[in-house]
Every structure is written in C-alpha cells, then in structure tokens.
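Asks: Please see the structure below; I have some questions.
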Amino acid sequence: MLTCKEFQSFESRDGYYQIATDNAAIRLWFLTDDIIRIRVSFDKKFDEASYILTKTAWPDRLDDFFGDERVRVQPIIPLLSETESKLVFTTQTLRLELRKNPIAFRLLTREGELLYSDLPGKAYQKDHLGRVYHYNCYNPDDYYYGFGEKTGEISKNNRYLRFSPKDNIGYDPIQGDPLYKHIPMYIKLDSRSKKAAGVFYHNTYEAAISLGAEISGYWPRYSYYTADGGDIDFFLFGGPKISDVVQQYTSITGTTAMQPKQTLGYLGSTMYYVELPENCDQEILSFVDKARAEDIPLDGFMLSSGFTSDQNNKRNVFTWNHRRFPSPEKFFEEMNRRDVVVVPNVKPGVLKTHPRYEYYEKLGCFIKDKDGNTQPAQWWGGVGAYFDFTNPVARKVWVEELRQQVIAKGTIAVWNDNCEYDGIDDRTAVCCFEGQTGTHGQLKPIQSTIMSKLSHQAVKEQDENARPFVVCRSGSSGIQRYAQVWSGDNYTSYDSLKYNIATLLGLGLSGVANCGSDIAGFAGPAPEEELLVRWVQHGVFQPRFSIHSASNDNTVTEPWMYSGSTHYIRDAIKLRYSLVPYLYSLMWEAHVKGSPIMRPTFYEFQEDEACYAEGVDFMLGGSLLVATVVEKGQTVRTVYLPKGSDWYDFYTRQKYAGGTTLHIPVDMGSMPLFIRSGAVIPFADGLTSISRQKVKTLRLLIAPDVPAEFGVYDDDGVTLNYQKGEYLLNKVTVTPGERILIDFHKQGSYQSPVEVMHLDVIHREKGPYWVTVDGKKIPQFLHRDKWEQAEEGWYYSHSKKSVQVKYRELQKDYRVVVSFEQFDLIGIDSDL
C-alpha cells in the first residue's frame, strides 16, 4: 500500500501548483474563488482527457471533441503563505490549508469556519491492485446529500454507496445499490455551522463511497472514496449555500439541456403495446385517441424497443418490425398529426444475429478484447457486442444509422436505453479512447453520456434548427447537458412511490434537474387503484411525467384503468398542465443556473434544521411546497412548514406561520400544496395540449407579503432560436407595502402569444382601494361574472382572499400598483 504522507516541496507553475510528496505528485488549481481542483497522482502522468468537464483551466486532449461546449478560463492566483507546518492558499471567499506532515488538506471559509477536511495520516493511498483511496474526516451529526441516483433516505449517512451502473430491474427503493448512473458528487451540510461544501470525484472508474459505514478504533471517524484506478482527482466547492454548491458543480460539468416545451406534458408509455404480434401502430394511435376521448392531456409517447424485434423476438437496433409497424413513416405522420411526439427506443448493444452485425464489426465499431477482436457481451436475447462511443468511427456510423433509420422517419426525439454497458464483465476490454486506448473499466459510465450527445447530433443533422428531445436511463456526471433521465425500472409498490422522491431530489442536487420516475411502477404487478391515484398525484410535480409499465401480470397501466378513479387522474394531470409556464420557467432556470426543479426543503431553507432529513415533502421551484399523500390508506397527512417563511394553503388560502406542523384530513382527491410567502407562480389555466394550444391568458399567483422576484420564461418551444435571442424573459418584481408594486421587465425578442394577464394577488386582510396598470386606473367590479365579461378590471374574491386583476398584456415594461391604503368609505372621520 502506497500512502502519501510527507510533504517534500512545491512550486508555482503555469496556472497551478505542483506539490511533491514521498509517494505521489499533487497538482492544485483554483478555477474560481469557490472552486478548487486537487489531483493526486501516484503514476505522475497527469493525462488530461475529460469527457465530463465543460470548464477547464488547462489544455485537454478532448477539447476538439467538445468544441464550443467547453470553455477555458484563466485560473485565479490565491494569496499564499507558508509556515514550517503548512501552506495556506487564500481566495476572496475560501482558505485552503495543506498540512505538511502528515499530508492533509482542509477547506475553510475565509473567516476560518471548517467546511471539509482530509483524514491526516491516510488521506491518499493506492493499493497493490491499483485501487486508489481518499479518506476524509466524518462527523455523524452532519448530512450528506446528492451522489447522483441513489435509493433510501435523502441523507446518506452510514451508507456504503457504489458507482457501477447496472441494469437493475425492480430494484429495492430503500437499500438497492448501485442503480443506473455514475455521479460521484456530494454535498456536506455541517449541522453546527449550517454551511455546505461540495466534493466531486472526476474519475469514471468503478468506485464506492463509504459515509461512516466503516469504523476503526485506530482512527477518528472517517468517510472514504475508492476507485478501481485512475487518480484521486477531485473538486472542492465552497458553497456555503447548498444552492451555491449545485451552481458551482454545474458550472464545470454543464447545466440542464433546454428540452422542447412539449416534453413537460404527459408522456404515454408501456412496453405492452409494441409487443403485440401485429399492428402495434394502430394500438398506439388508439391509445392517443382514447386519452383525448377521456379528456386526459397527452403530448408524447415513449416507443419501447419492440418495434425492432425480429421474428424470434430479438431486439435489433435500427431495424423495424413491419408486421408491428407496416409503415413507420405513416405512423410518425399520424402521431405528428395528433401533435404527439414519438420517442423511439434505441440500445447500444448488437446481437450477433443482427443483420448488420458483420458490417458494424468490419468497420471496428465495437469494444474489443485485449487481442483486438470484438469483445463478446451478454446482451438482451443472447451474445452480442457494444458500440464503442469513444471511437470516432463508431460515432459516425451510429449518427448516420440513427438519423436514417429513426429520426428521418418523422421525429426529433431519441430514447437511449439499456446503456449501462453492464453486459461486459471483463474490465480490461479495450475502448478506443480517441485513439489512445483505454479500458472498459475506465470508460464504462461515459458511453451513455456520449450516446446522448450523438442523439443531439443526429437530430441536428436532420434539421439543424430542431430542438432535440433526448431521454437516457444511464449516464455519467454531465449527462444533464444532453438528456432528460429517469430512475430506471422501479417496482410497483408504495415504497417505490415514497423513496423514489428522495432519489430524484438527490439527482437534482447532483446537477440533473430534468428527471422523473416511472409513474405507478415499471416492474411487478399492476398498481392497485389507490396506489395509481397517489402516484399520479405526486408524479405530476416531477419534471418528467410518464406512466410506464411492463407489468408481470399481463396488464397495462393506463390512466383510465380504474374507471371509478379516472377523474382523480384527470384532475391531477390537468393541474400539471396548468403549471407548464412555471415548469418551463424552472427548466430555463436549470439551463441557465443549474438549479434543481424539484428541491428538498433544506435547499430553500438551509437555516431550518427540521428540514435536513426531509426527503418526501419538497419544493417545486422556490414557491410551491408539495406534500402529496404517499402512504396506503392515509386519512391524515402531517406536513411541516419550514421556518423562514409564512405559508398559504393552495386551495383555501389559509395562512400559516413557518415552523408549524399541520395534520390535514385527506381523501382520495387530496393533493396538499402550500404557497410560500413571496411566491410568483405562472399558470396556464385550461391548457390541455402544449403542442396544439397557445397560452393566451397567463395567470400569476402572487403572495406579496415579502419582496420577491421571478423570471417567467417563454420561447417557441420547438426550435433553437432561443439561442439567437428569440425568447422572452419577463422579470416580475414584487414590492410589498400599503401599495403593492408589481413590475414587469422584459428581455428577448420573442413575441409572446399571451394577450391577457390575470394577476391573483393574495391579500387576506381586505380588498384594495384602487389598481393601476401602467399608470392608468382600471375599473372595479363587485361581482365575478361582470369581471369575467370585462376586458380589464379588478375585483376582490372573498373565497380566495385575493385581488383578481385582469388587463390586456402590454408589449413593454410596465408597473401594476395595487393600493391597500386606508380610505373613508362613508365620509365619517374615524377619530370621532
């Protein structure tokens, strides 16, 4: 075992510091005041070849692969001081200390509060098998979040977590591990200082992180990271807010892709329809027509891989079963006519019986064994091989096949599935690695991320201005740049409903904002009636909303499968559709800032320790608390309202103080929701099709008791024109007081279809005196029916305890004033 213990020397080089030790070399970069890279190398080669980073401060041999997706920044130069025992590097916000003997780094705020510490004496090690280890100090009272896609409670204290993507069908939602993705990034929240810091391991070898699960009496409590190879290459993020850590992490790995607006709708799906002997196309068209007949909004359909099955029911990617789909082009045409995007399933494995296997093999598209022959792989239905996406030739072939055999049929969408590369057990199998060669063990998790990048390329080669819709099951750090993801083949159970929430929250904290779970469960039996209703009522608040199944009892999970409860399903999905302007604005925020769409309550309320272990109730954006029912037979739902805000019941507008615990009676139709003070939430009431309808009336729900700001975002939803400035970011700023000021400031050149603005301004105490729009008083109405008939005006709703304001939207910046000043209605001096 090699242990890096003794400091020998250091020197400043071109943008970084080189530190010599007894057994390893260390390089240290300061990308920003808040982002530090530490790379410990026992072989001292320091090959820079990252498929992950979008921001660097050094040359990388994959710069050409990334093109304009990657930026090079000038590293900052910290203040440096040295004593006999340590080196101290100080930025505007952080202090990094290197203890010399034994070697250990500590990260502190500039004021001296500890954020992170290595374990002195065994911080950095490499064993005889080439595995590397990084030990950190661990406090069991702290909280650990993120880690990509993980099961169980929201904080991973005392867990041993593996990073080795698996095709984990029907996994245990509480203890199952590993799942489908490899994202070794986490956030540490100090329970005493309430400050957060982040750690990201920039290494794609199979790995594990132990969070206090291992104890040795010879050492203080510790956590550790271990990987099967590579360097101990990690980034420290200084926070100190959790939101800061997420933003810092996504600034170097990329933010969430701006997907088509249509993808926020209901995505119909089941494996059953495409496994019928013939005419599967007609069955899917019938499903779409049935949804419309049932008044169930629908905007997409996930086309499972049965369309590629041959006469022996073996999947052959890039082929079509013409008994099931006699004319793929006609099928896409009919679906597009119904304004439903089809998302065809593609897989990177190729069976030896595939009609083009020899063609792909001859071109050298597959991962190889150490002798240069195709590496055999266990694949769906037999022995096959995997495409090697680190090979430029394989990438070119894949893009052309995908474009011709899938995209050109009539879609802009791709569903990358079964891409964990779990069918190759030999970790020494050889990947091209851009001509430098690498092993399967080293590059396995990156294949699916490159696969998703290629999906974008294929769509753009078909239509250079089309906005791709890419879905992927697996992925490495950075997958958020290309794909919407889901938490794999979950099992139909109440445990999955409940614990998948924390899984998605962890993904959001790990930079993957656009995510969801298979609603009502993929594997196992059909959901019982109550479970289906409860899962949909929760699922409509996930960024990705898809009811998908491959039930083992020969049934299909559909919204109308229980006729007595279809109205509950319909109401929940329609509520989601009304929230599309809010969800799209949150997608834009995720794209620009890296922010999660689903957020743990502690993300917004970091000072409230009562939120630190909460992994079921969550915030949708910054304004809406979601506390839907996730327990079987529940009649009372307990909800904690975080301190730091007042709250309003979404339905009654009853006001509650933060820090309150409520016990709410619930029935099958209940979906408890709470509005945060300062909320600005845009709604599109009556929206039932994102593709077919333009939002003509936009309602803003405003809780104006504290200053607030929110950006309502819109664009055409289908092209890349937003990248050229054709978008509308309507910045809404609310200033409370006797006169509530609501300012609208617009950016971008997109001409919004909104014609009418409807402001729903909560004010429980009393109605207003007057309302102006752009300096002009608008009329008051005492009765709702007359207000609804008018083009503009306001009235006070006693049932909602809010001011309802309506006017024609203005194509400029303007201000709305709602006055609650005292006035004398009948002319009597109030002092008499």
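Residue names in the structure tokens use chain letters A, B, ... in the order shown, residue numbers from 1 in each chain, and ligand numbers from 1 in the order shown.
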What lies within 12 Å of A:Ser304 using only C-alpha atoms, ignoring chain neighbours under 3 positions off, as a ChimeraX atom specification?
Replies: /A:268-276,280-281,284,301,307-309,315,317,342-347,414-418,548-550
Asks: If DSSP is run on the backbone, what residues of stretch 98-321 of chain A are helix (DSSP H, G or I)? A reply as a PyMOL selection string would be ideal.
Replies: chain A and resi 242-253+261-264+272-275+280-293+305-308
Asks: Distance table requested - stretch 3-92 of chain A against stretch 134-155 of chain A, cut-off 12 Å, only C-alpha atoms: one row per qualifying residue with the closest atom pair and its distance in Å to one decimal, ordered by chain and rising residue number, as a Markdown table.
Replies:
| residue | atom | partner | partner_atom | distance |
| --- | --- | --- | --- | --- |
| A:Thr3 | CA | A:His134 | CA | 10.2 |
| A:Cys4 | CA | A:His134 | CA | 10.3 |
| A:Ile38 | CA | A:His134 | CA | 11.6 |
| A:Arg39 | CA | A:His134 | CA | 11.2 |
| A:Val40 | CA | A:His134 | CA | 9.6 |
| A:Ser41 | CA | A:His134 | CA | 11.8 |
Asks: Could you give me, as a JSON list (two decimals) with N, CA and C atoms, in the first residue's frame, the residues within 6 Å of stretch 238-252 of chain A, counting only C-alpha atoms and dropping anything in the same chain fewer than 2 positions from it?
Replies:
[["chain", "number", "residue", "atom", "x", "y", "z"],
["A", 34, "ASP", "N", -14.27, 29.97, -5.53],
["A", 34, "ASP", "CA", -15.06, 28.97, -4.81],
["A", 34, "ASP", "C", -14.86, 27.54, -5.31],
["A", 53, "LEU", "N", -15.90, 17.49, -18.23],
["A", 53, "LEU", "CA", -15.79, 18.90, -17.87],
["A", 53, "LEU", "C", -16.12, 19.82, -19.04],
["A", 54, "THR", "N", -16.93, 20.84, -18.75],
["A", 54, "THR", "CA", -17.24, 21.87, -19.75],
["A", 54, "THR", "C", -16.48, 23.16, -19.45],
["A", 55, "LYS", "N", -15.83, 23.22, -18.32],
["A", 55, "LYS", "CA", -14.98, 24.36, -17.98],
["A", 55, "LYS", "C", -13.66, 23.83, -17.48],
["A", 195, "LYS", "N", -23.44, 25.46, 7.24],
["A", 195, "LYS", "CA", -22.81, 25.79, 5.97],
["A", 195, "LYS", "C", -22.55, 24.51, 5.18],
["A", 196, "ALA", "N", -22.57, 24.65, 3.86],
["A", 196, "ALA", "CA", -22.42, 23.50, 2.98],
["A", 196, "ALA", "C", -21.17, 23.63, 2.13],
["A", 197, "ALA", "N", -20.60, 22.49, 1.79],
["A", 197, "ALA", "CA", -19.50, 22.40, 0.83],
["A", 197, "ALA", "C", -19.75, 21.18, -0.04],
["A", 198, "GLY", "N", -19.07, 21.12, -1.18],
["A", 198, "GLY", "CA", -19.29, 20.01, -2.09],
["A", 198, "GLY", "C", -18.00, 19.35, -2.51],
["A", 254, "GLY", "N", -21.66, 21.34, -16.71],
["A", 254, "GLY", "CA", -22.74, 21.68, -17.62],
["A", 254, "GLY", "C", -24.08, 21.75, -16.92],
["A", 255, "THR", "N", -24.95, 22.57, -17.46],
["A", 255, "THR", "CA", -26.29, 22.73, -16.92],
["A", 255, "THR", "C", -27.28, 21.90, -17.74],
["A", 511, "GLY", "N", -26.98, 18.01, -10.03],
["A", 511, "GLY", "CA", -26.95, 18.72, -11.31],
["A", 511, "GLY", "C", -27.93, 18.24, -12.35],
["A", 594, "GLY", "N", -28.30, 25.97, -13.40],
["A", 594, "GLY", "CA", -28.07, 24.64, -12.86],
["A", 594, "GLY", "C", -28.99, 24.27, -11.72],
["A", 603, "TYR", "N", -32.95, 22.88, 0.72],
["A", 603, "TYR", "CA", -32.31, 23.68, -0.34],
["A", 603, "TYR", "C", -32.76, 25.13, -0.24]]
Asks: List every residue of stretch 53-287 of chain A that DSSP, applied to the backbone, labels as strand (DSSP E), and write the result as number ranges by chain.
Replies: A: 55-56, 71-72, 79-82, 86-90, 94-99, 104-109, 114-117, 124-126, 132-137, 143-146, 160-163, 181-182, 185-189, 196-201, 207-211, 222-227, 232-237, 266-269
Asks: Using only C-alpha atoms, which residues sit within 7 Å of A:Gly410 once same-chain residues fewer than 5 positions away are excluded, as a list in words?
Replies: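 Neighbouring residues, sequence-local ones excluded: Glu329, Phe332 and Glu333 of chain A.
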Asks: Would you save the residues of that selection, restricted to N, CA and C atoms, as a compact mmCIF listing (two decimals), in the first residue's frame?
Replies:
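Below you can see again39.txt, which holds the result:
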# COMPACT_ATOMS: atom_id res chain seq x y z
N GLU A 329 -43.04 5.52 -41.40
CA GLU A 329 -43.26 6.91 -41.80
C GLU A 329 -44.71 7.33 -41.61
N PHE A 332 -45.46 7.79 -37.83
CA PHE A 332 -45.00 9.08 -37.31
C PHE A 332 -45.87 10.22 -37.83
N GLU A 333 -46.27 10.12 -39.08
CA GLU A 333 -47.12 11.16 -39.66
C GLU A 333 -48.44 11.27 -38.89
Asks: Find the residues near A:Phe744: any atom within 8 Å, counting only C-alpha atoms, skip ones fewer than 4 places away on the same chain, and give them as a PDB file with all heavy atoms, in the first residue's frame.
Replies:
ATOM      1  N   ASN A 730     -39.644  37.465 -18.813  1.00  0.00           N
ATOM      2  CA  ASN A 730     -40.433  38.522 -18.184  1.00  0.00           C
ATOM      3  C   ASN A 730     -40.106  38.510 -16.696  1.00  0.00           C
ATOM      4  O   ASN A 730     -40.587  37.668 -15.942  1.00  0.00           O
ATOM      5  CB  ASN A 730     -41.918  38.254 -18.421  1.00  0.00           C
ATOM      6  CG  ASN A 730     -42.775  39.483 -18.191  1.00  0.00           C
ATOM      7  OD1 ASN A 730     -42.321  40.468 -17.616  1.00  0.00           O
ATOM      8  ND2 ASN A 730     -44.028  39.424 -18.627  1.00  0.00           N
ATOM      9  N   LYS A 731     -39.267  39.433 -16.288  1.00  0.00           N
ATOM     10  CA  LYS A 731     -38.814  39.506 -14.903  1.00  0.00           C
ATOM     11  C   LYS A 731     -39.867  40.229 -14.068  1.00  0.00           C
ATOM     12  O   LYS A 731     -40.119  41.427 -14.266  1.00  0.00           O
ATOM     13  CB  LYS A 731     -37.470  40.216 -14.826  1.00  0.00           C
ATOM     14  CG  LYS A 731     -36.867  40.302 -13.444  1.00  0.00           C
ATOM     15  CD  LYS A 731     -35.514  41.014 -13.531  1.00  0.00           C
ATOM     16  CE  LYS A 731     -34.964  41.319 -12.148  1.00  0.00           C
ATOM     17  NZ  LYS A 731     -33.692  42.081 -12.237  1.00  0.00           N
ATOM     18  N   VAL A 732     -40.486  39.487 -13.149  1.00  0.00           N
ATOM     19  CA  VAL A 732     -41.546  40.030 -12.307  1.00  0.00           C
ATOM     20  C   VAL A 732     -40.951  40.340 -10.933  1.00  0.00           C
ATOM     21  O   VAL A 732     -40.429  39.446 -10.265  1.00  0.00           O
ATOM     22  CB  VAL A 732     -42.714  39.038 -12.173  1.00  0.00           C
ATOM     23  CG1 VAL A 732     -43.845  39.655 -11.348  1.00  0.00           C
ATOM     24  CG2 VAL A 732     -43.231  38.612 -13.546  1.00  0.00           C
ATOM     25  N   THR A 733     -41.040  41.586 -10.520  1.00  0.00           N
ATOM     26  CA  THR A 733     -40.517  42.012  -9.225  1.00  0.00           C
ATOM     27  C   THR A 733     -41.677  42.539  -8.383  1.00  0.00           C
ATOM     28  O   THR A 733     -42.440  43.391  -8.847  1.00  0.00           O
ATOM     29  CB  THR A 733     -39.456  43.111  -9.385  1.00  0.00           C
ATOM     30  OG1 THR A 733     -38.418  42.633 -10.241  1.00  0.00           O
ATOM     31  CG2 THR A 733     -38.853  43.490  -8.035  1.00  0.00           C
ATOM     32  N   ASP A 813     -42.132  47.207 -20.851  1.00  0.00           N
ATOM     33  CA  ASP A 813     -42.004  47.185 -19.400  1.00  0.00           C
ATOM     34  C   ASP A 813     -43.106  48.057 -18.791  1.00  0.00           C
ATOM     35  O   ASP A 813     -43.468  49.102 -19.354  1.00  0.00           O
ATOM     36  CB  ASP A 813     -40.646  47.741 -18.973  1.00  0.00           C
ATOM     37  CG  ASP A 813     -39.489  46.873 -19.443  1.00  0.00           C
ATOM     38  OD1 ASP A 813     -39.747  45.757 -19.941  1.00  0.00           O
ATOM     39  OD2 ASP A 813     -38.336  47.323 -19.328  1.00  0.00           O
ATOM     40  N   TYR A 814     -43.630  47.643 -17.642  1.00  0.00           N
ATOM     41  CA  TYR A 814     -44.684  48.426 -17.006  1.00  0.00           C
ATOM     42  C   TYR A 814     -44.810  48.027 -15.545  1.00  0.00           C
ATOM     43  O   TYR A 814     -44.172  47.068 -15.087  1.00  0.00           O
ATOM     44  CB  TYR A 814     -46.020  48.253 -17.740  1.00  0.00           C
ATOM     45  CG  TYR A 814     -46.582  46.847 -17.726  1.00  0.00           C
ATOM     46  CD1 TYR A 814     -47.484  46.451 -16.739  1.00  0.00           C
ATOM     47  CD2 TYR A 814     -46.220  45.909 -18.697  1.00  0.00           C
ATOM     48  CE1 TYR A 814     -48.011  45.168 -16.725  1.00  0.00           C
ATOM     49  CE2 TYR A 814     -46.738  44.625 -18.690  1.00  0.00           C
ATOM     50  CZ  TYR A 814     -47.633  44.259 -17.697  1.00  0.00           C
ATOM     51  OH  TYR A 814     -48.143  42.984 -17.682  1.00  0.00           O
ATOM     52  N   ARG A 815     -45.657  48.766 -14.839  1.00  0.00           N
ATOM     53  CA  ARG A 815     -45.880  48.521 -13.417  1.00  0.00           C
ATOM     54  C   ARG A 815     -47.374  48.412 -13.134  1.00  0.00           C
ATOM     55  O   ARG A 815     -48.175  49.178 -13.678  1.00  0.00           O
ATOM     56  CB  ARG A 815     -45.279  49.642 -12.574  1.00  0.00           C
ATOM     57  CG  ARG A 815     -45.703  49.630 -11.107  1.00  0.00           C
ATOM     58  CD  ARG A 815     -45.007  50.716 -10.297  1.00  0.00           C
ATOM     59  NE  ARG A 815     -43.614  50.362 -10.034  1.00  0.00           N
ATOM     60  CZ  ARG A 815     -42.763  51.119  -9.336  1.00  0.00           C
ATOM     61  NH1 ARG A 815     -43.175  52.300  -8.860  1.00  0.00           N
ATOM     62  NH2 ARG A 815     -41.523  50.733  -9.132  1.00  0.00           N
TER      63      ARG A 815
END
